Amino acid sequence: MIKMNKPKVKLKTKFKLICLVSFIIVVLINNVVAQQFKYKSALSTISVSSLYKVELNPLVQNYCFSNYKDLRVVDSGGNQKPYVILSEPILKSANDFIKYTIVSQNHFKNYTEIVIENPTKEKISNIAFNINNSEALKLCTIEGSDDLKQWYSISKLQTLSLSYNEQYTNQFKCLYFPLSNYKYFRLLIDDWSSEPYKVNSAGYFKNSLISGKLNKVANSFQLSTNQKITTLKLSISGNQSVQQLVFKISQPHLFLRKASIYYKEKIKVAKQIETEQKQIIKNFTLNSNEPLIIDIPETQKNELYIDIENEDNEALQIDSVITNQLARFLIFDAAQNQQYFLKCGNDSLQLPNYDIANFVNGSPQFYPELKFSSFEKIEIVSEVKNKQPQFFESKLFIWIAISVCSLIIGLFSIKMIKNLK
């Protein structure tokens, strides 16, 4: 009996050994393939060494994970640069707005000067200006003074753009800067490329920020009405998140409807039985006397549903539902005359943990902006052409490994079948 069992023990040991070797080879092969970026984009030229921001608009999310775990900034030598990602603030209540007196507002040959008074010398870190809508993009500088004679620099070369709002004829634009308590603040706006802005009022938001830049997310929607409930099915394109809904409703002129937005999640109730369950994101009201703008918690689902309660009223005629996401910006420290790239699409990467996250905070408005070019697919060969590959990284090794594994497993299987007979 003992002699008969020995071949079986040896067979089992050999089989385990071959499985282990095969597993190691497969892991090595996957590792070689996985540790490559799939896409890259060149950033615009660096003129001055500084912290810069790069807007991660919806286009970027079509190439990388939604949490940007695979996104990296690299220089021309392939070295990674630390970065941090900041989001614009979502819309908050304007009840904390403290209005200031505009001491003077003058337009000179190529710049506008606006001086406001902070009579109690309150410590503030933002100034909000109510400005008529304009598509012009300008640079501005903020200075402080206690006597209207000697001015001190607070923040230089901030971007002032009003292209965010499509709902109102005027809007608040908030400028952020290091905490200061001057009695007077002066805003200098560069007007050399366009006519000046029309500023209606100024002040600051206490314990509050106002809305940041929003990017549109493409969607399509289907509309159906059944038993006094109108249901919209929103199909979100790409790997996108949504944080705001904007409704355009043409009829009727007066309405007040309860509504909810949700997604459907499959729940297993038995071994092979699944059912769909509503997961409510937010309950809200559509009111014809108020802006039809609904902020929601950040949601990343390809399909969203909205139920609108009509009761005994006619159904709303909904012309469109715009889906928006708050702009995100990547901030990194760039050196003058250096070329940088965004790279993504490496499935093996995890979210990086850089020291820069402890030093960069606040609003992205602080930083000058870099643009990125269109993303290009990276050819694996071009990425490693200047690097002498190891033998185990070569295609020859991969094919040899696959062939040897297949041959050994095949021969061993035949031998096992013969021994069993």
# chains A, B, ... in the order shown; residues from 1 in each chain; ligands from 1
>>> residues_around(residues="Lys40 in chain A", least_positions_apart="2", cutoff="9 Å", atoms="only C-alpha atoms", output="PDB file with N, CA and C atoms, in the first residue's frame")
ATOM      1  N   PHE A  37       2.154  53.636 -18.843  1.00  0.00           N
ATOM      2  CA  PHE A  37       1.111  54.630 -19.064  1.00  0.00           C
ATOM      3  C   PHE A  37       0.556  54.467 -20.473  1.00  0.00           C
ATOM      4  N   LYS A  38      -0.731  54.716 -20.627  1.00  0.00           N
ATOM      5  CA  LYS A  38      -1.375  54.545 -21.930  1.00  0.00           C
ATOM      6  C   LYS A  38      -1.534  55.866 -22.682  1.00  0.00           C
ATOM      7  N   ALA A  42       1.082  67.019 -23.378  1.00  0.00           N
ATOM      8  CA  ALA A  42       2.110  68.020 -23.078  1.00  0.00           C
ATOM      9  C   ALA A  42       1.473  69.272 -22.489  1.00  0.00           C
ATOM     10  N   PHE A 341       4.585  66.927 -18.664  1.00  0.00           N
ATOM     11  CA  PHE A 341       3.545  66.143 -19.311  1.00  0.00           C
ATOM     12  C   PHE A 341       2.583  65.588 -18.255  1.00  0.00           C
ATOM     13  N   LEU A 342       1.327  65.427 -18.642  1.00  0.00           N
ATOM     14  CA  LEU A 342       0.390  64.634 -17.877  1.00  0.00           C
ATOM     15  C   LEU A 342       0.397  63.233 -18.454  1.00  0.00           C
ATOM     16  N   LYS A 343       0.487  62.217 -17.588  1.00  0.00           N
ATOM     17  CA  LYS A 343       0.413  60.825 -18.036  1.00  0.00           C
ATOM     18  C   LYS A 343      -0.641  60.093 -17.208  1.00  0.00           C
ATOM     19  N   CYS A 344      -1.357  59.179 -17.846  1.00  0.00           N
ATOM     20  CA  CYS A 344      -2.390  58.423 -17.138  1.00  0.00           C
ATOM     21  C   CYS A 344      -2.643  57.114 -17.870  1.00  0.00           C
ATOM     22  N   GLY A 345      -3.507  56.276 -17.252  1.00  0.00           N
ATOM     23  CA  GLY A 345      -3.862  55.010 -17.865  1.00  0.00           C
ATOM     24  C   GLY A 345      -3.056  53.833 -17.369  1.00  0.00           C
ATOM     25  N   SER A 374      -3.966  67.920 -26.550  1.00  0.00           N
ATOM     26  CA  SER A 374      -4.810  66.738 -26.654  1.00  0.00           C
ATOM     27  C   SER A 374      -4.027  65.501 -26.224  1.00  0.00           C
ATOM     28  N   PHE A 375      -4.733  64.539 -25.608  1.00  0.00           N
ATOM     29  CA  PHE A 375      -4.079  63.324 -25.137  1.00  0.00           C
ATOM     30  C   PHE A 375      -3.744  62.412 -26.317  1.00  0.00           C
ATOM     31  N   GLU A 376      -2.548  61.848 -26.271  1.00  0.00           N
ATOM     32  CA  GLU A 376      -2.099  60.923 -27.303  1.00  0.00           C
ATOM     33  C   GLU A 376      -1.852  59.556 -26.687  1.00  0.00           C
ATOM     34  N   LYS A 377      -2.151  58.524 -27.457  1.00  0.00           N
ATOM     35  CA  LYS A 377      -1.888  57.170 -26.991  1.00  0.00           C
ATOM     36  C   LYS A 377      -0.396  56.918 -27.034  1.00  0.00           C
ATOM     37  N   ILE A 378       0.136  56.338 -25.957  1.00  0.00           N
ATOM     38  CA  ILE A 378       1.569  56.076 -25.863  1.00  0.00           C
ATOM     39  C   ILE A 378       1.862  54.692 -26.435  1.00  0.00           C
TER      40      ILE A 378
END
>>> closest_atom_pairs(of="range 216-263 of chain A", to="range 289-303 of chain A", cutoff="10 Å", atoms="only C-alpha atoms", output="JSON lines")
{"residue": "A:Asn219", "atom": "CA", "partner": "A:Asn302", "partner_atom": "CA", "distance": 9.3}
{"residue": "A:Ser220", "atom": "CA", "partner": "A:Glu303", "partner_atom": "CA", "distance": 9.9}
{"residue": "A:Phe221", "atom": "CA", "partner": "A:Glu303", "partner_atom": "CA", "distance": 9.5}
{"residue": "A:Lys233", "atom": "CA", "partner": "A:Glu303", "partner_atom": "CA", "distance": 6.9}
{"residue": "A:Leu234", "atom": "CA", "partner": "A:Glu303", "partner_atom": "CA", "distance": 5.6}
{"residue": "A:Ser235", "atom": "CA", "partner": "A:Glu303", "partner_atom": "CA", "distance": 4.8}
{"residue": "A:Ile236", "atom": "CA", "partner": "A:Asn302", "partner_atom": "CA", "distance": 4.8}
{"residue": "A:Ser237", "atom": "CA", "partner": "A:Asn302", "partner_atom": "CA", "distance": 6.9}
{"residue": "A:Gly238", "atom": "CA", "partner": "A:Asn302", "partner_atom": "CA", "distance": 7.7}
{"residue": "A:Asn239", "atom": "CA", "partner": "A:Gln300", "partner_atom": "CA", "distance": 7.7}
{"residue": "A:Gln240", "atom": "CA", "partner": "A:Gln300", "partner_atom": "CA", "distance": 6.0}
{"residue": "A:Ser241", "atom": "CA", "partner": "A:Gln300", "partner_atom": "CA", "distance": 4.2}
{"residue": "A:Val242", "atom": "CA", "partner": "A:Thr299", "partner_atom": "CA", "distance": 5.3}
{"residue": "A:Gln243", "atom": "CA", "partner": "A:Glu298", "partner_atom": "CA", "distance": 4.7}
{"residue": "A:Gln244", "atom": "CA", "partner": "A:Asp295", "partner_atom": "CA", "distance": 4.4}
{"residue": "A:Leu245", "atom": "CA", "partner": "A:Ile294", "partner_atom": "CA", "distance": 5.1}
{"residue": "A:Val246", "atom": "CA", "partner": "A:Ile293", "partner_atom": "CA", "distance": 4.6}
{"residue": "A:Phe247", "atom": "CA", "partner": "A:Leu292", "partner_atom": "CA", "distance": 5.4}
{"residue": "A:Lys248", "atom": "CA", "partner": "A:Leu292", "partner_atom": "CA", "distance": 7.4}
{"residue": "A:Ile249", "atom": "CA", "partner": "A:Leu292", "partner_atom": "CA", "distance": 8.6}
{"residue": "A:His253", "atom": "CA", "partner": "A:Asn289", "partner_atom": "CA", "distance": 9.4}
{"residue": "A:Leu254", "atom": "CA", "partner": "A:Asn289", "partner_atom": "CA", "distance": 7.8}
{"residue": "A:Phe255", "atom": "CA", "partner": "A:Asn289", "partner_atom": "CA", "distance": 8.3}
{"residue": "A:Leu256", "atom": "CA", "partner": "A:Asn289", "partner_atom": "CA", "distance": 8.7}
{"residue": "A:Ile261", "atom": "CA", "partner": "A:Ile296", "partner_atom": "CA", "distance": 8.8}
{"residue": "A:Tyr262", "atom": "CA", "partner": "A:Glu303", "partner_atom": "CA", "distance": 9.1}
{"residue": "A:Tyr263", "atom": "CA", "partner": "A:Glu303", "partner_atom": "CA", "distance": 6.7}
>>> select_by_dssp(residues="range 186-421 of chain A", states="alpha helix (DSSP H)", output="ChimeraX atom specification")
/A:380-384,395-420
>>> write_last_selection(atoms="C-alpha atoms", output="mmCIF file, in the first residue's frame")
data_model
loop_
_atom_site.group_PDB
_atom_site.id
_atom_site.type_symbol
_atom_site.label_atom_id
_atom_site.label_comp_id
_atom_site.auth_asym_id
_atom_site.auth_seq_id
_atom_site.Cartn_x
_atom_site.Cartn_y
_atom_site.Cartn_z
ATOM 1 C CA ILE A 380 4.968 50.988 -25.458
ATOM 2 C CA VAL A 381 7.999 50.780 -27.740
ATOM 3 C CA SER A 382 8.481 54.579 -27.774
ATOM 4 C CA GLU A 383 8.385 54.714 -23.990
ATOM 5 C CA VAL A 384 11.269 52.239 -23.583
ATOM 6 C CA LYS A 395 8.634 39.951 -25.907
ATOM 7 C CA LEU A 396 10.889 36.928 -26.565
ATOM 8 C CA PHE A 397 10.873 36.041 -22.862
ATOM 9 C CA ILE A 398 7.090 36.400 -22.645
ATOM 10 C CA TRP A 399 6.480 34.055 -25.597
ATOM 11 C CA ILE A 400 9.093 31.555 -24.406
ATOM 12 C CA ALA A 401 7.504 31.542 -20.932
ATOM 13 C CA ILE A 402 4.017 31.001 -22.335
ATOM 14 C CA SER A 403 5.218 28.189 -24.632
ATOM 15 C CA VAL A 404 7.200 26.420 -21.901
ATOM 16 C CA CYS A 405 4.301 26.611 -19.431
ATOM 17 C CA SER A 406 1.856 25.280 -21.999
ATOM 18 C CA LEU A 407 4.197 22.419 -22.958
ATOM 19 C CA ILE A 408 4.960 21.399 -19.366
ATOM 20 C CA ILE A 409 1.319 21.492 -18.299
ATOM 21 C CA GLY A 410 0.311 19.521 -21.428
ATOM 22 C CA LEU A 411 2.948 16.818 -20.893
ATOM 23 C CA PHE A 412 2.207 16.601 -17.206
ATOM 24 C CA SER A 413 -1.521 16.260 -17.873
ATOM 25 C CA ILE A 414 -0.876 13.373 -20.304
ATOM 26 C CA LYS A 415 1.360 11.680 -17.731
ATOM 27 C CA MET A 416 -1.289 12.045 -15.021
ATOM 28 C CA ILE A 417 -3.942 10.503 -17.281
ATOM 29 C CA LYS A 418 -1.650 7.525 -18.040
ATOM 30 C CA ASN A 419 -0.908 7.015 -14.312
ATOM 31 C CA LEU A 420 -4.588 7.098 -13.474
#
>>> residues_around(residues="Pro196 in chain A", least_positions_apart="4", cutoff="8 Å", atoms="only C-alpha atoms", output="VMD selection string")
chain A and resid 107 111 to 112 191
